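Engineer: Pasting in a structure now, in structure tokens, and then I'll have a few things to ask.
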Amino acid sequence: MTRTVYVNGEYLPENEAKVSIFDRGFLFADAVYEVTSVLDGKLIDFEGHAVRLERSLNELDMPSPCTKDELLEIHRKLVELNGIEEGLVYLQVSRGSDGDRDFVFPSADTPPSLVLFTQNKPGLADSPAAKKGAKIISIEDIRWGRRDIKTVQLLYPSMGKMMAKKAGCDDAWLIEDGHVTEGTSNNAYYVKNGKIVTRPLSNDILHGITRAAVLRLAEEAQMEIEERLFTIDEAKEADEAFTTSASAFVMPVVEIDGVALGDGTPGPIAKRLREIYLEESRKKAV
Ligand code: PLP
């Protein structure tokens with residue numbers, strides 16, 4: 001089925017939607033993005049994604065393409081037009097184009113480019129992958145120093161996923177100065193003796209919207225949380241581990257670099273947090 005997508009004010013069939021070859025997102029990865037999940041035809045944590053988008057734009061001196069209310073309207077309309085019950089809405093804002101290639105930013109009044117499309121993912125919540133748990137490898141983190149800004153510079157994370165795939169695994173965790181930063185497209189946690197350990201927020205990791213929600217819910221459920229740097233060896237000795245992201249919610253991790261965690265199946269805390277997160281998110285969905 002041909003999707004209806006949104007490009008700079010227009011709703012179009014996907015094969016008719018176009019952006020300029022001079023668009024700075026295309027030439028310089030000068031663009032930021034958000035991915036919002038959809039459950040029961042409703043948006044999960046739209047507010048969090050909208051706030052983070054605004055922050056990413058501000059950090060890069062990129063103008064905002066529209067208001068938060070307009071963004072919500074576009075998201076909702078795309079979900080409706082494409083009949084999405086479970087899936088994702090991808091949004092990208094680039095610095096646009098003044099019709100040529102130049103390292104210097106175009107003048108501040110150059111309109112940014114706004115693109116959104118949906119991805120239909122039936123069974124996103126009741127995912128077989130989450131029941132099995134993910135196997136991960138660890139690789140060196142060689143990304144740039146502003147990972148808190150959600151830019152489209154995703155070549156290395158994409159290469160990391162390919163390295164994991166080649167090794168017969170599902171994903172990679174990234175290591176910098178001996179400590180785990182995060183996953184290729186998710187935040188990383190391990191659990192030992194009931195305590196959840198995860199890296200604190202800084203410019204080194206993306207400030208996950210799912211991370212914020214899951215940590216709040218864990219606290220409300222009286223779970224113990226420690227935000228600190230941790231090594232991959234600590235994680236390998238954990239009782240269980242998991243990742244969080246808007247597209248996979250809470251994903252149990254069952255193996256790290258070939259070492260099985262616990263009994264090699266999804267751990268109770270990861271499973272419980274996934275349940276609570278899905279339940280609470282559905283209640284607050286817009
Ligand atoms: N870390 C990275 C590097 C990511 O790319 C993502 C999501 O794409 C996340 C963490 C998780 O963020 P969120 O929970 O907002 O999806």
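Residues are named by chain letter and number: chains run A, B, ... in the order of the structure tokens, numbers start at 1 in each chain, and ligands are numbered from 1 in the order shown.
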Could you give me, as a VMD selection string, every polymer residue with an atom at most 8 Å away from an atom of ligand 1, counting only C-alpha atoms and all ligand atoms?

Structural biologist: chain A and resid 34 to 36 49 147 150 157 182 to 187 205 to 212 244 to 247 249

Engineer: Could you name the residues that touch Arg146 in chain A at 12 Å or less, counting only C-alpha atoms, but leaving out those on the same chain fewer than 6 positions away, as a CSV table (one decimal) with all heavy atoms, in the first residue's frame?

Structural biologist:
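Heads up, here's the output in result.csv:
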chain,number,residue,atom,x,y,z
A,56,SER,N,16.8,19.9,20.5
A,56,SER,CA,17.8,19.6,19.5
A,56,SER,C,17.9,20.8,18.5
A,56,SER,O,19.0,21.2,18.1
A,56,SER,CB,17.3,18.4,18.7
A,56,SER,OG,17.3,17.2,19.5
A,59,GLU,N,19.8,23.7,20.1
A,59,GLU,CA,21.3,23.4,20.2
A,59,GLU,C,22.0,23.6,18.9
A,59,GLU,O,23.2,23.8,18.9
A,59,GLU,CB,21.5,21.9,20.7
A,59,GLU,CG,21.1,21.7,22.2
A,59,GLU,CD,21.9,22.5,23.2
A,59,GLU,OE1,23.1,22.5,23.1
A,59,GLU,OE2,21.3,23.1,24.1
A,60,LEU,N,21.3,23.4,17.8
A,60,LEU,CA,21.9,23.6,16.5
A,60,LEU,C,21.6,24.9,15.8
A,60,LEU,O,21.8,25.0,14.6
A,60,LEU,CB,21.5,22.4,15.6
A,60,LEU,CG,22.0,21.0,16.1
A,60,LEU,CD1,21.4,19.9,15.2
A,60,LEU,CD2,23.5,20.9,16.1
A,153,GLN,N,23.0,11.7,12.0
A,153,GLN,CA,24.3,11.1,11.8
A,153,GLN,C,24.3,9.7,12.3
A,153,GLN,O,24.9,9.4,13.4
A,153,GLN,CB,25.4,11.9,12.5
A,153,GLN,CG,25.5,13.3,12.0
A,153,GLN,CD,26.4,14.1,12.9
A,153,GLN,OE1,27.6,13.7,13.1
A,153,GLN,NE2,26.0,15.2,13.5
A,201,LEU,N,22.7,11.0,32.6
A,201,LEU,CA,22.5,11.9,31.4
A,201,LEU,C,23.7,12.8,31.3
A,201,LEU,O,24.2,13.3,32.3
A,201,LEU,CB,21.3,12.7,31.5
A,201,LEU,CG,20.0,11.9,31.5
A,201,LEU,CD1,18.8,12.9,31.6
A,201,LEU,CD2,19.9,11.1,30.2
A,202,SER,N,24.2,13.1,30.1
A,202,SER,CA,25.3,14.0,29.8
A,202,SER,C,25.2,14.2,28.3
A,202,SER,O,24.3,13.6,27.6
A,202,SER,CB,26.6,13.4,30.2
A,202,SER,OG,26.9,12.3,29.4
A,203,ASN,N,26.3,14.8,27.7
A,203,ASN,CA,26.3,15.0,26.3
A,203,ASN,C,26.7,13.6,25.6
A,203,ASN,O,26.7,13.5,24.4
A,203,ASN,CB,27.4,16.0,25.9
A,203,ASN,CG,26.9,17.4,26.2
A,203,ASN,OD1,25.8,17.6,26.6
A,203,ASN,ND2,27.8,18.4,26.0
A,204,ASP,N,27.1,12.6,26.4
A,204,ASP,CA,27.6,11.4,25.9
A,204,ASP,C,26.5,10.4,25.4
A,204,ASP,O,26.8,9.5,24.7
A,204,ASP,CB,28.4,10.6,27.0
A,204,ASP,CG,29.6,11.4,27.4
A,204,ASP,OD1,30.1,12.2,26.6
A,204,ASP,OD2,30.0,11.2,28.6
A,205,ILE,N,25.3,10.7,25.8
A,205,ILE,CA,24.2,9.8,25.4
A,205,ILE,C,22.9,10.6,25.1
A,205,ILE,O,22.8,11.7,25.5
A,205,ILE,CB,23.8,8.7,26.5
A,205,ILE,CG1,23.3,9.4,27.8
A,205,ILE,CG2,25.0,7.8,26.9
A,205,ILE,CD1,22.7,8.5,28.8
A,206,LEU,N,22.1,9.9,24.3
A,206,LEU,CA,20.8,10.5,24.0
A,206,LEU,C,19.9,10.5,25.2
A,206,LEU,O,19.9,9.4,25.9
A,206,LEU,CB,20.1,9.8,22.8
A,206,LEU,CG,18.8,10.5,22.4
A,206,LEU,CD1,19.2,11.8,21.6
A,206,LEU,CD2,18.0,9.7,21.5
A,207,HIS,N,19.2,11.6,25.5
A,207,HIS,CA,18.4,11.6,26.7
A,207,HIS,C,17.0,10.9,26.3
A,207,HIS,O,16.1,11.6,25.8
A,207,HIS,CB,18.1,13.0,27.1
A,207,HIS,CG,19.4,13.7,27.5
A,207,HIS,ND1,19.5,14.9,28.1
A,207,HIS,CD2,20.7,13.4,27.4
A,207,HIS,CE1,20.7,15.3,28.4
A,207,HIS,NE2,21.5,14.4,27.9

Engineer: Write down as a VMD selection string the residues of range 193-273 of chain A whose backbone DSSP state falls under strand (DSSP E or B).

Structural biologist: chain A and resid 195 to 198 224 to 227 240 to 245 249 to 256 259 to 260

Engineer: Write out as a tab-separated table the residues of range 7-32 of chain A that have any atom within 9 Å of an atom of range 111-124 of chain A, one row each with the nearest atom pair and its distance in Å to one decimal, counting only C-alpha atoms, sorted by chain and then rising number.

Structural biologist:
residue	atom	partner	partner_atom	distance
A:Val7	CA	A:Val115	CA	4.6
A:Asn8	CA	A:Leu114	CA	5.2
A:Gly9	CA	A:Leu114	CA	8.0
A:Glu14	CA	A:Phe117	CA	8.4
A:Val19	CA	A:Ser113	CA	8.0
A:Asp23	CA	A:Ser113	CA	7.9
A:Gly25	CA	A:Ser113	CA	8.6
A:Ala31	CA	A:Ser113	CA	8.9

Engineer: If we count only C-alpha atoms and set the cut-off at 12 Å, which residues sit around range 253-261 of chain A, ignoring sequence neighbours fewer than 4 positions away in its own chain? Please answer as an MDAnalysis selection string.

Structural biologist: chainID A and resid 129:139 164 167:174 183 186:192 231:244 265:271

Engineer: Could you take the residues named above and write them with N, CA and C atoms, as a compact mmCIF listing (two decimals), in the first residue's frame?

Structural biologist:
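Output file result-v3.txt follows:
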# COMPACT_ATOMS: atom_id res chain seq x y z
N ALA A 129 10.33 -10.70 19.59
CA ALA A 129 11.73 -10.38 19.90
C ALA A 129 11.89 -10.07 21.40
N ALA A 130 10.89 -9.40 21.97
CA ALA A 130 10.97 -9.04 23.40
C ALA A 130 10.79 -10.29 24.26
N LYS A 131 10.04 -11.25 23.77
CA LYS A 131 9.85 -12.50 24.55
C LYS A 131 11.13 -13.32 24.57
N LYS A 132 11.88 -13.23 23.46
CA LYS A 132 13.13 -13.99 23.34
C LYS A 132 14.29 -13.26 24.03
N GLY A 133 14.27 -11.93 23.94
CA GLY A 133 15.38 -11.13 24.48
C GLY A 133 16.46 -10.96 23.42
N ALA A 134 17.25 -9.91 23.59
CA ALA A 134 18.26 -9.58 22.57
C ALA A 134 19.65 -10.05 22.98
N LYS A 135 20.41 -10.47 21.95
CA LYS A 135 21.83 -10.79 22.16
C LYS A 135 22.62 -9.60 21.65
N ILE A 136 23.56 -9.14 22.46
CA ILE A 136 24.31 -7.97 22.02
C ILE A 136 25.83 -8.22 22.03
N ILE A 137 26.51 -7.42 21.24
CA ILE A 137 27.97 -7.41 21.26
C ILE A 137 28.39 -6.02 21.75
N SER A 138 29.64 -5.89 22.19
CA SER A 138 30.12 -4.55 22.55
C SER A 138 31.14 -4.10 21.50
N ILE A 139 31.06 -2.82 21.16
CA ILE A 139 31.99 -2.24 20.18
C ILE A 139 32.41 -0.85 20.67
N ALA A 164 26.78 -6.45 14.67
CA ALA A 164 26.03 -7.36 15.54
C ALA A 164 25.40 -8.49 14.72
N ALA A 167 27.74 -11.05 13.65
CA ALA A 167 28.15 -11.92 14.77
C ALA A 167 26.99 -12.80 15.25
N GLY A 168 25.86 -12.77 14.52
CA GLY A 168 24.71 -13.59 14.90
C GLY A 168 23.94 -13.00 16.07
N CYS A 169 24.11 -11.69 16.31
CA CYS A 169 23.44 -11.03 17.43
C CYS A 169 22.44 -9.99 16.93
N ASP A 170 21.80 -9.30 17.88
CA ASP A 170 20.72 -8.38 17.52
C ASP A 170 21.14 -6.92 17.55
N ASP A 171 22.10 -6.60 18.41
CA ASP A 171 22.42 -5.18 18.58
C ASP A 171 23.81 -5.05 19.21
N ALA A 172 24.27 -3.78 19.28
CA ALA A 172 25.58 -3.53 19.89
C ALA A 172 25.45 -2.47 20.97
N TRP A 173 26.24 -2.63 22.04
CA TRP A 173 26.41 -1.58 23.04
C TRP A 173 27.75 -0.93 22.78
N LEU A 174 27.80 0.38 23.01
CA LEU A 174 28.98 1.17 22.64
C LEU A 174 29.81 1.48 23.88
N GLY A 183 23.18 1.85 23.70
CA GLY A 183 23.07 0.96 22.55
C GLY A 183 23.09 1.78 21.27
N ASN A 186 19.35 2.87 21.47
CA ASN A 186 18.61 2.69 22.71
C ASN A 186 19.51 3.00 23.90
N ASN A 187 18.92 3.19 25.06
CA ASN A 187 19.68 3.37 26.30
C ASN A 187 19.87 1.99 26.95
N ALA A 188 20.99 1.87 27.69
CA ALA A 188 21.41 0.56 28.21
C ALA A 188 21.38 0.49 29.73
N TYR A 189 20.97 -0.67 30.26
CA TYR A 189 20.83 -0.89 31.71
C TYR A 189 21.23 -2.31 32.04
N TYR A 190 21.76 -2.52 33.26
CA TYR A 190 21.84 -3.89 33.77
C TYR A 190 21.24 -3.93 35.16
N VAL A 191 20.93 -5.12 35.62
CA VAL A 191 20.31 -5.29 36.95
C VAL A 191 21.14 -6.30 37.73
N LYS A 192 21.56 -5.92 38.94
CA LYS A 192 22.30 -6.85 39.81
C LYS A 192 21.70 -6.75 41.21
N THR A 231 30.99 -0.68 33.43
CA THR A 231 31.79 -1.35 32.39
C THR A 231 30.98 -2.50 31.79
N ILE A 232 31.45 -2.98 30.65
CA ILE A 232 30.77 -4.11 30.00
C ILE A 232 30.98 -5.39 30.83
N ASP A 233 32.12 -5.46 31.55
CA ASP A 233 32.35 -6.65 32.40
C ASP A 233 31.35 -6.72 33.54
N GLU A 234 31.02 -5.56 34.12
CA GLU A 234 29.97 -5.54 35.15
C GLU A 234 28.66 -6.06 34.57
N ALA A 235 28.34 -5.56 33.38
CA ALA A 235 27.07 -5.94 32.75
C ALA A 235 27.04 -7.45 32.46
N LYS A 236 28.21 -8.00 32.09
CA LYS A 236 28.26 -9.44 31.79
C LYS A 236 28.02 -10.29 33.04
N GLU A 237 28.30 -9.71 34.21
CA GLU A 237 28.09 -10.45 35.47
C GLU A 237 26.72 -10.16 36.08
N ALA A 238 25.90 -9.42 35.33
CA ALA A 238 24.59 -9.01 35.87
C ALA A 238 23.62 -10.18 35.91
N ASP A 239 22.54 -9.99 36.68
CA ASP A 239 21.46 -10.98 36.71
C ASP A 239 20.62 -10.86 35.44
N GLU A 240 20.47 -9.60 34.98
CA GLU A 240 19.73 -9.36 33.74
C GLU A 240 20.11 -8.00 33.20
N ALA A 241 19.69 -7.71 31.98
CA ALA A 241 19.95 -6.40 31.38
C ALA A 241 18.81 -6.08 30.42
N PHE A 242 18.75 -4.81 30.03
CA PHE A 242 17.70 -4.42 29.06
C PHE A 242 18.07 -3.10 28.40
N THR A 243 17.33 -2.77 27.36
CA THR A 243 17.48 -1.47 26.71
C THR A 243 16.10 -0.80 26.66
N THR A 244 16.11 0.52 26.46
CA THR A 244 14.84 1.21 26.26
C THR A 244 14.92 2.10 25.02
N THR A 265 17.38 -16.16 29.69
CA THR A 265 16.05 -15.73 29.22
C THR A 265 15.74 -14.35 29.81
N PRO A 266 14.76 -13.62 29.26
CA PRO A 266 14.45 -12.28 29.78
C PRO A 266 14.22 -12.29 31.29
N GLY A 267 14.83 -11.32 31.97
CA GLY A 267 14.77 -11.27 33.44
C GLY A 267 13.46 -10.68 33.94
N PRO A 268 13.12 -10.93 35.20
CA PRO A 268 11.84 -10.49 35.77
C PRO A 268 11.69 -8.97 35.82
N ILE A 269 12.77 -8.25 36.08
CA ILE A 269 12.64 -6.78 36.19
C ILE A 269 12.39 -6.17 34.81
N ALA A 270 13.12 -6.65 33.81
CA ALA A 270 12.90 -6.14 32.45
C ALA A 270 11.48 -6.45 31.99
N LYS A 271 11.03 -7.66 32.27
CA LYS A 271 9.67 -8.05 31.84
C LYS A 271 8.61 -7.19 32.55

Engineer: For Leu81 in chain A, which residue out of A:Ile276, A:Ile21, A:Val5, A:Val197 is the nearest one, using only C-alpha atoms?

Structural biologist: A:Val5

Engineer: Hey, which of A:Thr198, A:Asn58, A:Gln92, A:Ser97 ends up closest to Glu224 in chain A? Count only C-alpha atoms.

Structural biologist: A:Thr198

Engineer: May I ask which of the residues A:Glu73, A:Glu10, A:Leu27, A:Ser64 is the closest one to Val286 in chain A, counting only C-alpha atoms?

Structural biologist: A:Glu73

Engineer: Could you tell me which of A:Leu154, A:Ile74, A:Ile175, A:Ala125 comes closest to Tyr33 in chain A if we count only C-alpha atoms?

Structural biologist: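 The answer is A:Leu154, which sits nearest to Tyr33 in chain A.
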
Engineer: Enumerate the residues of range 11-255 of chain A with a DSSP assignment of helix (DSSP H, G or I), computed from the backbone, and present them as number ranges by chain.

Structural biologist: A: 14-16, 24-28, 46-59, 68-81, 128-132, 155-166, 209-220, 232-236
